[in-house]
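Asks: This is work07.cif (mmCIF, C-alpha atoms).
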```
data_target
#
loop_
_atom_site.label_atom_id
_atom_site.label_comp_id
_atom_site.auth_asym_id
_atom_site.auth_seq_id
_atom_site.Cartn_x
_atom_site.Cartn_y
_atom_site.Cartn_z
CA MET O 1 125.93 120.59 145.56
CA ARG O 2 129.07 120.44 147.65
CA LEU O 3 131.11 117.47 146.51
CA PRO O 4 134.75 116.55 147.04
CA LYS O 5 136.92 116.47 143.97
CA LEU O 6 137.29 113.38 141.82
CA PRO O 7 140.60 111.59 142.52
CA GLY O 8 143.13 112.54 139.88
CA LEU O 9 144.40 109.10 138.88
CA LEU O 10 142.06 106.90 136.86
CA LEU O 11 143.44 103.48 136.03
CA ALA O 12 141.50 102.19 133.01
CA ILE O 13 142.14 98.54 132.17
CA SER O 14 139.41 98.34 129.57
CA LEU O 15 136.95 100.63 127.83
CA ALA O 16 133.40 100.66 129.12
CA ALA O 17 131.18 98.02 127.59
CA CYS O 18 127.58 99.23 127.89
CA THR O 19 124.57 97.49 126.52
CA ASN O 20 121.99 99.59 124.78
CA ALA O 21 119.28 101.12 126.92
CA PRO O 22 116.01 99.18 127.24
CA SER O 23 113.85 99.80 124.21
CA ASP O 24 111.00 101.45 126.13
CA VAL O 25 112.47 104.73 127.45
CA ARG O 26 110.39 107.72 128.49
CA VAL O 27 111.62 111.16 129.47
CA TRP O 28 109.95 114.02 131.28
CA GLY O 29 111.05 117.39 132.57
CA VAL O 30 113.11 120.38 131.37
CA LYS O 31 115.07 123.02 133.23
CA GLY O 32 112.83 125.54 134.94
CA ASN O 33 110.83 126.27 138.07
CA GLY O 34 107.31 125.51 136.89
CA PRO O 35 105.24 122.44 137.68
CA GLY O 36 107.00 119.36 136.34
CA GLN O 37 110.18 121.30 135.56
CA PHE O 38 113.48 120.82 137.42
CA ASN O 39 116.63 122.59 138.46
CA GLU O 40 119.04 119.79 139.41
CA PRO O 41 116.76 116.87 140.32
CA PHE O 42 118.83 114.88 142.77
CA ASP O 43 117.05 111.84 144.20
CA ILE O 44 113.93 109.84 143.46
CA ALA O 45 111.69 107.38 145.27
CA VAL O 46 108.74 105.29 144.13
CA GLY O 47 105.94 104.81 146.64
CA GLN O 48 102.60 103.17 147.00
CA HIS O 49 100.36 103.09 143.93
CA GLY O 50 103.38 103.93 141.77
CA PHE O 51 103.64 107.59 142.78
CA VAL O 52 107.09 109.08 142.07
CA TYR O 53 108.73 111.65 144.37
CA VAL O 54 111.72 113.77 143.28
CA THR O 55 113.93 116.16 145.26
CA ASP O 56 114.21 119.25 143.05
CA VAL O 57 117.28 120.78 144.70
CA ARG O 58 117.67 124.29 143.32
CA ASN O 59 113.91 124.82 143.32
CA GLN O 60 113.94 123.82 147.02
CA ARG O 61 111.00 121.45 146.76
CA VAL O 62 109.80 117.91 146.32
CA GLN O 63 107.64 117.11 143.32
CA LYS O 64 105.16 114.25 143.13
CA PHE O 65 104.22 112.57 139.86
CA GLY O 66 102.09 109.74 138.59
CA ALA O 67 103.87 106.68 137.28
CA GLY O 68 103.76 108.08 133.75
CA GLY O 69 105.27 111.44 134.69
CA GLU O 70 102.11 113.51 135.10
CA PHE O 71 102.67 116.29 137.67
CA LEU O 72 100.52 116.03 140.80
CA LEU O 73 101.87 118.44 143.41
CA ALA O 74 104.93 120.15 144.88
CA PHE O 75 105.70 120.70 148.56
CA GLY O 76 108.33 121.87 151.02
CA GLN O 77 109.20 125.14 149.25
CA ASP O 78 109.04 127.12 152.50
CA MET O 79 111.04 124.56 154.49
CA PHE O 80 114.06 123.44 152.48
CA GLU O 81 117.46 124.84 151.65
CA LYS O 82 118.78 121.86 149.65
CA PRO O 83 116.50 118.83 149.73
CA ALA O 84 118.68 115.85 148.92
CA GLY O 85 117.77 112.26 149.80
CA ILE O 86 114.23 110.92 149.68
CA ALA O 87 112.56 107.66 150.68
CA VAL O 88 109.06 106.28 151.15
CA GLY O 89 108.39 104.47 154.42
CA PRO O 90 106.31 101.30 154.80
CA ASP O 91 103.41 103.44 156.03
CA GLY O 92 103.55 105.61 152.91
CA SER O 93 105.14 108.63 154.60
CA ILE O 94 107.77 110.59 152.65
CA TRP O 95 111.18 111.12 154.25
CA VAL O 96 113.50 113.88 153.01
CA THR O 97 116.95 115.00 154.14
CA ASP O 98 118.18 118.56 153.75
CA TYR O 99 121.83 118.76 152.73
CA ASP O 100 122.40 122.25 154.18
CA LEU O 101 120.04 122.32 157.15
CA ASP O 102 121.26 118.95 158.54
CA ARG O 103 117.61 118.01 159.10
CA VAL O 104 115.28 115.12 158.42
CA PHE O 105 111.67 115.83 157.41
CA ARG O 106 108.69 113.49 157.27
CA PHE O 107 105.58 114.27 155.21
CA ASP O 108 102.40 112.45 154.35
CA SER O 109 101.72 111.57 150.72
CA LYS O 110 99.88 114.89 150.21
CA GLY O 111 102.89 116.95 151.31
CA LYS O 112 101.73 117.77 154.84
CA LEU O 113 104.62 118.03 157.30
CA LEU O 114 104.39 115.36 160.02
CA ASP O 115 107.71 115.70 161.81
CA ALA O 116 111.23 117.15 161.55
CA TRP O 117 114.36 116.42 163.54
CA GLY O 118 118.17 116.49 163.39
CA LYS O 119 120.84 119.08 164.02
CA ALA O 120 124.35 119.94 162.91
CA GLY O 121 127.22 118.74 165.09
CA ASP O 122 129.87 116.09 165.57
CA GLY O 123 128.36 114.01 168.34
CA PRO O 124 126.28 110.81 168.22
CA GLY O 125 123.08 111.49 166.35
CA ASP O 126 124.33 114.81 164.98
CA LEU O 127 124.55 115.32 161.22
CA ASP O 128 126.92 116.93 158.76
CA VAL O 129 125.44 116.82 155.24
CA PRO O 130 122.76 114.12 155.42
CA ALA O 131 122.91 113.07 151.79
CA ASP O 132 120.32 110.31 151.75
CA ILE O 133 117.79 108.35 153.76
CA ALA O 134 116.17 104.90 153.76
CA VAL O 135 113.52 103.21 155.87
CA ASP O 136 113.41 99.47 156.58
CA SER O 137 110.33 97.25 156.89
CA ARG O 138 110.15 97.87 160.65
CA GLY O 139 110.18 101.64 160.22
CA PHE O 140 113.76 102.28 161.35
CA VAL O 141 115.40 105.21 159.59
CA TYR O 142 118.93 105.11 158.14
CA VAL O 143 120.72 108.36 157.28
CA VAL O 144 123.89 108.79 155.20
CA ASP O 145 125.91 111.22 157.34
CA GLU O 146 128.20 112.09 154.44
CA TYR O 147 130.82 114.40 155.93
CA HIS O 148 131.09 112.25 159.07
CA HIS O 149 131.67 109.24 156.77
CA ARG O 150 129.13 107.09 158.60
CA ILE O 151 125.63 105.64 158.59
CA GLN O 152 123.30 106.43 161.48
CA LYS O 153 120.19 104.43 162.35
CA PHE O 154 117.31 106.11 164.17
CA THR O 155 113.83 105.43 165.46
CA PRO O 156 111.16 107.22 163.43
CA ASP O 157 111.13 110.09 165.94
CA GLY O 158 114.89 110.65 165.70
CA ASN O 159 116.35 108.72 168.61
CA LEU O 160 119.74 107.25 167.71
CA ILE O 161 119.99 103.45 167.78
CA LEU O 162 123.45 102.87 166.34
CA ALA O 163 126.05 104.27 163.98
CA TRP O 164 128.75 102.62 161.94
CA GLY O 165 131.56 103.60 159.62
CA ARG O 166 134.60 105.82 159.75
CA LYS O 167 136.62 107.77 157.23
CA GLY O 168 138.83 105.60 155.04
CA LYS O 169 140.06 106.14 151.50
CA VAL O 170 140.79 103.12 149.35
CA ASN O 171 144.03 103.29 147.39
CA VAL O 172 143.13 104.14 143.79
CA ALA O 173 145.35 101.47 142.24
CA LEU O 174 144.05 98.79 144.61
CA SER O 175 140.48 99.81 143.85
CA ALA O 176 141.08 99.33 140.13
CA VAL O 177 142.49 95.82 140.62
CA ASN O 178 140.47 94.66 143.63
CA PHE O 179 139.34 91.61 141.66
CA LEU O 180 142.98 90.49 141.95
CA ILE O 181 144.15 92.04 145.23
CA PRO O 182 141.76 92.67 148.16
CA GLU O 183 141.40 96.35 148.97
CA ASP O 184 140.26 95.83 152.60
CA ARG O 185 138.90 98.88 154.47
CA GLU O 186 135.61 97.10 155.07
CA GLY O 187 133.05 99.35 156.70
CA GLU O 188 135.07 102.47 156.00
CA PHE O 189 133.66 105.25 153.81
CA TYR O 190 134.97 108.14 151.78
CA TYR O 191 132.04 110.49 151.26
CA PRO O 192 129.18 107.97 151.13
CA SER O 193 126.31 109.33 149.06
CA ARG O 194 123.30 107.01 148.87
CA ILE O 195 121.53 104.25 150.77
CA ALA O 196 118.83 101.67 150.00
CA ILE O 197 117.19 98.80 151.88
CA GLY O 198 116.59 95.54 150.05
CA PRO O 199 113.56 93.25 150.46
CA ASP O 200 115.70 91.08 152.77
CA ASN O 201 116.51 94.19 154.86
CA ARG O 202 120.12 94.30 153.71
CA VAL O 203 121.52 97.82 153.70
CA TYR O 204 123.25 99.02 150.50
CA VAL O 205 125.50 102.09 150.70
CA SER O 206 127.11 103.95 147.80
CA ASP O 207 130.63 104.57 149.08
CA ALA O 208 130.92 107.23 146.41
CA TYR O 209 134.57 108.30 146.36
CA ASN O 210 135.78 104.79 147.04
CA ASN O 211 133.93 103.85 143.83
CA ARG O 212 132.03 100.95 145.33
CA VAL O 213 128.82 99.82 147.00
CA GLN O 214 129.06 98.23 150.44
CA VAL O 215 126.39 95.88 151.78
CA PHE O 216 125.55 95.50 155.48
CA GLY O 217 123.07 93.91 157.82
CA THR O 218 120.69 96.20 159.68
CA ASP O 219 123.03 95.93 162.68
CA GLY O 220 125.87 97.42 160.64
CA HIS O 221 127.91 94.26 160.13
CA PHE O 222 129.71 94.15 156.78
CA LEU O 223 128.56 91.58 154.19
CA ARG O 224 130.20 92.38 150.86
CA SER O 225 131.60 95.05 148.57
CA ILE O 226 130.56 95.56 144.95
CA GLY O 227 132.52 97.35 142.20
CA GLY O 228 135.73 99.35 142.27
CA LEU O 229 137.29 102.06 140.14
CA GLY O 230 137.08 101.61 136.37
CA LEU O 231 135.39 102.31 133.07
CA TRP O 232 134.26 98.84 132.09
CA GLY O 233 131.03 97.13 133.12
CA GLY O 234 130.70 96.47 136.83
CA ARG O 235 133.07 99.30 137.83
CA PHE O 236 132.41 102.90 138.86
CA ARG O 237 133.61 106.45 138.61
CA ILE O 238 131.67 107.71 141.63
CA SER O 239 128.88 105.37 142.68
CA SER O 240 125.76 107.43 143.28
CA GLY O 241 122.04 106.65 143.51
CA LEU O 242 120.94 103.09 144.04
CA ALA O 243 117.76 101.08 144.44
CA VAL O 244 116.92 97.43 145.07
CA ALA O 245 114.18 95.71 143.08
CA ALA O 246 111.68 93.24 144.51
CA ASP O 247 113.78 90.34 143.22
CA GLY O 248 116.81 91.61 145.17
CA SER O 249 118.71 92.86 142.13
CA LEU O 250 120.52 96.19 142.46
CA PHE O 251 120.56 99.24 140.18
CA VAL O 252 123.33 101.83 140.66
CA ALA O 253 123.89 105.24 139.06
CA ASP O 254 127.50 105.50 137.88
CA PHE O 255 127.94 109.29 137.92
CA TYR O 256 131.02 110.11 135.83
CA ASN O 257 130.56 107.11 133.53
CA ASN O 258 127.06 108.48 132.83
CA ARG O 259 125.32 105.15 133.00
CA ILE O 260 123.15 102.81 135.07
CA GLN O 261 124.47 99.44 136.16
CA HIS O 262 122.49 96.37 137.13
CA TYR O 263 123.68 93.66 139.53
CA GLY O 264 122.22 90.35 140.65
CA LYS O 265 121.16 89.61 144.21
CA ASN O 266 124.58 88.09 144.87
CA GLY O 267 126.41 91.19 143.60
CA SER O 268 127.28 89.80 140.16
CA PHE O 269 127.37 92.30 137.31
CA LEU O 270 124.49 91.86 134.85
CA ALA O 271 124.32 94.84 132.50
CA ALA O 272 124.98 98.54 132.00
CA TRP O 273 123.48 101.18 129.77
CA GLY O 274 123.83 104.87 129.08
CA GLY O 275 126.53 107.23 127.86
CA LYS O 276 127.09 110.98 127.92
CA GLY O 277 124.44 112.96 126.06
CA ARG O 278 120.90 114.27 125.91
CA ALA O 279 119.20 111.60 123.82
CA PRO O 280 116.80 109.21 125.56
CA GLY O 281 118.88 106.60 127.37
CA GLN O 282 121.86 108.95 127.73
CA PHE O 283 122.77 110.91 130.85
CA SER O 284 124.59 113.90 132.27
CA GLY O 285 125.50 112.80 135.78
CA PRO O 286 122.75 110.42 136.97
CA THR O 287 122.30 110.84 140.73
CA GLY O 288 119.17 108.97 141.84
CA VAL O 289 117.48 105.65 141.13
CA GLY O 290 114.03 104.36 142.04
CA VAL O 291 112.36 101.06 141.18
CA GLY O 292 108.62 100.52 140.90
CA SER O 293 106.75 97.42 141.98
CA ASN O 294 106.58 96.26 138.34
CA GLY O 295 110.35 96.59 137.93
CA SER O 296 110.30 99.93 136.12
CA VAL O 297 113.45 101.99 136.78
CA PHE O 298 113.33 105.77 137.30
CA ILE O 299 116.49 107.89 137.04
CA THR O 300 117.20 111.49 138.02
CA ASP O 301 119.26 112.78 135.10
CA TRP O 302 120.79 115.59 137.15
CA GLY O 303 122.73 117.56 134.53
CA ASN O 304 119.95 117.28 131.95
CA HIS O 305 117.31 118.43 134.50
CA ARG O 306 114.94 115.59 133.74
CA ILE O 307 113.66 112.15 134.74
CA GLN O 308 114.13 109.04 132.62
CA TYR O 309 111.89 106.03 132.98
CA PHE O 310 112.86 102.58 131.74
CA ARG O 311 110.26 99.86 131.53
CA PRO O 312 111.34 96.25 132.05
#
```
The structure in this file should be written as structure tokens.

Replies:
Amino acid sequence: MRLPKLPGLLLAISLAACTNAPSDVRVWGVKGNGPGQFNEPFDIAVGQHGFVYVTDVRNQRVQKFGAGGEFLLAFGQDMFEKPAGIAVGPDGSIWVTDYDLDRVFRFDSKGKLLDAWGKAGDGPGDLDVPADIAVDSRGFVYVVDEYHHRIQKFTPDGNLILAWGRKGKVNVALSAVNFLIPEDREGEFYYPSRIAIGPDNRVYVSDAYNNRVQVFGTDGHFLRSIGGLGLWGGRFRISSGLAVAADGSLFVADFYNNRIQHYGKNGSFLAAWGGKGRAPGQFSGPTGVGVGSNGSVFITDWGNHRIQYFRP
């Protein structure tokens, strides 16, 4: 995947303090191109009846699994270049963005193509690396327009409603001490990567290279910022995939810290788990998070080419 370089200066005030992973951890997938195998799984979404959908980037497909990891089907192989973000709409349709084609695809739950729209460009509604997608309870579609450093909101058939955000890089030192000194730059992004809609229709955006998550209303007005640069719990080294549970709590993949972090509905830090490695509960660059209706958390363990599943 094309990604900007990690900022050179890392100000570490404290070592990371991670809790152990939940005791019930399951893993599925190995590197390969067969059914249930992966080559850089990137994003994940949990839909109706607990079905799990994964963008399998280098295999240019989406794979569908049962809640326990049993392979069900693959689709999109003849359509994608680099399938990236994925979301399940309230009607059960599957939305996928293609990182290279600058397109949005919509499928039914059996992998049948229903619609496709979007084009490369710099104007309103145009896309430049659509890294992720989310759908709110009314069916409106939100796309992370990564290289334009903005969020765009569309009708289901691709008509632009609004856009917000502009390019803005938070000072690294201020980001590391933003609990003492406000960092400002509200509503600005530096390569945003992921998006999720909470049960209250709040919009959560991983502002990846500003090492934070920003929270907005569906009209784009800024509500709060979560995190900042650091190694200890509650901080990030590249905020990546995120998902909101039914209780409003937030799970975020912390890419270079190789862990998952959990926050309360009000943005307070609750817990973190992970670490670099291949053992269950360890990661090599987690990039996607999905949450099931029972609170189970699914993670795309990108560098290990597998999915990890944590039961509550």

Asks: With distances taken over all atoms listed in the file, which of O:Asp78, O:Asp56, O:Asp91, O:Asp136 is nearest to Asp43 in chain O?

Replies: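 Of the candidates, the smallest distance to Asp43 in chain O is held by O:Asp56.
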
Asks: Quick one: apply the PyMOL selection byres ((chain O and resi 48) around 10) to the file and drop the selected residues here as a PyMOL selection string.

Replies: chain O and resi 46-47+49-52+88-93+109+292-293

Asks: In Å, rounded to a single decimal, give me how far CA of Glu81 in chain O is from CA of Lys169 in chain O.

Replies: 29.3 Å

Asks: Once you add 3 Å to each side, what are the centre and edge lengths of the axis-aligned box holding all listed atoms of range 147-166 of chain O? One decimal in Å, as JSON, if you can.

Replies:
```
{"center_x": 122.9, "center_y": 108.5, "center_z": 162.3, "size_x": 29.5, "size_y": 17.8, "size_z": 18.7}
```

Asks: Residue by residue, what does the PyMOL selection byres ((chain O and resi 286) around 6) grab here? Present the result as a short mmCIF file (atom, residue, chain, number, x, y, z; two decimals) with C-alpha atoms, in the coordinates of the input.

Replies:
```
data_model
loop_
_atom_site.label_atom_id
_atom_site.label_comp_id
_atom_site.auth_asym_id
_atom_site.auth_seq_id
_atom_site.Cartn_x
_atom_site.Cartn_y
_atom_site.Cartn_z
CA ALA O 253 123.89 105.24 139.06
CA PHE O 255 127.94 109.29 137.92
CA GLY O 285 125.50 112.80 135.78
CA THR O 287 122.30 110.84 140.73
CA THR O 300 117.20 111.49 138.02
CA ASP O 301 119.26 112.78 135.10
CA TRP O 302 120.79 115.59 137.15
#
```

Asks: For Asp100 in chain O, which of O:Leu72, O:Val129, O:Leu250, O:Val203 is the closest residue, counting all atoms listed in the file?

Replies: O:Val129

Asks: List, as a ChimeraX atom specification, every residue that the PyMOL selection byres ((chain O and resi 196) around 10) selects in the file provided.

Replies: /O:87,132-136,142,194-195,197-199,201-206,215,241-244,250,289-290

Asks: What is the CA of Gln63 in chain O-CA of Asn159 in chain O distance in Å, reported with one decimal?

Replies: 28.0 Å

Asks: Wanna dump the range 102-173 of chain O-range 223-230 of chain O contacts at 12 Å for me, each residue with its shortest atom pair and the distance in Å to one decimal, counting only C-alpha atoms, ordered by chain and number, as JSON lines?

Replies:
```
{"residue": "O:Val170", "atom": "CA", "partner": "O:Gly228", "partner_atom": "CA", "distance": 9.5}
{"residue": "O:Asn171", "atom": "CA", "partner": "O:Leu229", "partner_atom": "CA", "distance": 10.0}
{"residue": "O:Val172", "atom": "CA", "partner": "O:Leu229", "partner_atom": "CA", "distance": 7.2}
{"residue": "O:Ala173", "atom": "CA", "partner": "O:Leu229", "partner_atom": "CA", "distance": 8.3}
```

Asks: Write the residues of the selection above to a file with C-alpha atoms, as a compact mmCIF listing (two decimals), keeping the file's coordinate frame.

Replies:
```
# COMPACT_ATOMS: atom_id res chain seq x y z
CA VAL O 170 140.79 103.12 149.35
CA ASN O 171 144.03 103.29 147.39
CA VAL O 172 143.13 104.14 143.79
CA ALA O 173 145.35 101.47 142.24
```

Asks: In Å to one decimal, how far is CA of Val252 in chain O from CA of Ile86 in chain O?

Replies: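 Separating CA of Ile86 in chain O from CA of Val252 in chain O is a distance of 15.7 Å.
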
Asks: Excluding His305 in chain O and its own-chain neighbours fewer than 6 positions away, which residues fall within 12 Å of it when counting only C-alpha atoms? Please give them as a CSV table (one decimal) with C-alpha atoms, in the frame of the given file.

Replies:
```
chain,number,residue,atom,x,y,z
O,27,VAL,CA,111.6,111.2,129.5
O,28,TRP,CA,110.0,114.0,131.3
O,29,GLY,CA,111.0,117.4,132.6
O,30,VAL,CA,113.1,120.4,131.4
O,31,LYS,CA,115.1,123.0,133.2
O,32,GLY,CA,112.8,125.5,134.9
O,33,ASN,CA,110.8,126.3,138.1
O,36,GLY,CA,107.0,119.4,136.3
O,37,GLN,CA,110.2,121.3,135.6
O,38,PHE,CA,113.5,120.8,137.4
O,39,ASN,CA,116.6,122.6,138.5
O,40,GLU,CA,119.0,119.8,139.4
O,41,PRO,CA,116.8,116.9,140.3
O,42,PHE,CA,118.8,114.9,142.8
O,43,ASP,CA,117.0,111.8,144.2
O,54,VAL,CA,111.7,113.8,143.3
O,55,THR,CA,113.9,116.2,145.3
O,56,ASP,CA,114.2,119.2,143.0
O,57,VAL,CA,117.3,120.8,144.7
O,58,ARG,CA,117.7,124.3,143.3
O,59,ASN,CA,113.9,124.8,143.3
O,278,ARG,CA,120.9,114.3,125.9
O,283,PHE,CA,122.8,110.9,130.8
O,284,SER,CA,124.6,113.9,132.3
O,285,GLY,CA,125.5,112.8,135.8
O,286,PRO,CA,122.8,110.4,137.0
O,287,THR,CA,122.3,110.8,140.7
O,299,ILE,CA,116.5,107.9,137.0
```

Asks: Would you mind telling me which residue in O:Asp24, O:Glu70, O:Asp219, O:Asp115 lies nearest to Val297 in chain O when using only C-alpha atoms?

Replies: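 Using only C-alpha atoms, Val297 in chain O sits closest to O:Asp24.
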
Asks: Can you list every residue of range 55-121 of chain O that has an atom at most 12 Å from range 190-193 of chain O, with its nearest atom pair and the distance in Å to one decimal, using only C-alpha atoms, ordered by chain then number, as JSON lines?

Replies:
```
{"residue": "O:Ala84", "atom": "CA", "partner": "O:Ser193", "partner_atom": "CA", "distance": 10.0}
{"residue": "O:Gly85", "atom": "CA", "partner": "O:Ser193", "partner_atom": "CA", "distance": 9.1}
{"residue": "O:Tyr99", "atom": "CA", "partner": "O:Ser193", "partner_atom": "CA", "distance": 11.1}
```

Asks: Leaving out Lys167 in chain O and any residue of its chain fewer than 4 positions from it, which residues lie within 6 Å of it when counting all atoms listed in the file, given as a list of chain:residue names?

Replies: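 Close residues of Lys167 in chain O: O:His149, O:Glu188, O:Phe189, O:Tyr190.
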
Asks: Tell me which residues come within 10 Å of (124.2, 111.5, 166.0), as JSON, numbers by chain, counting only C-alpha atoms in the file's coordinates.

Replies: {"O": [118, 119, 120, 121, 122, 123, 124, 125, 126, 127, 128, 143, 145, 148, 150, 151, 152, 153, 154, 158, 159, 160, 161, 162, 163]}
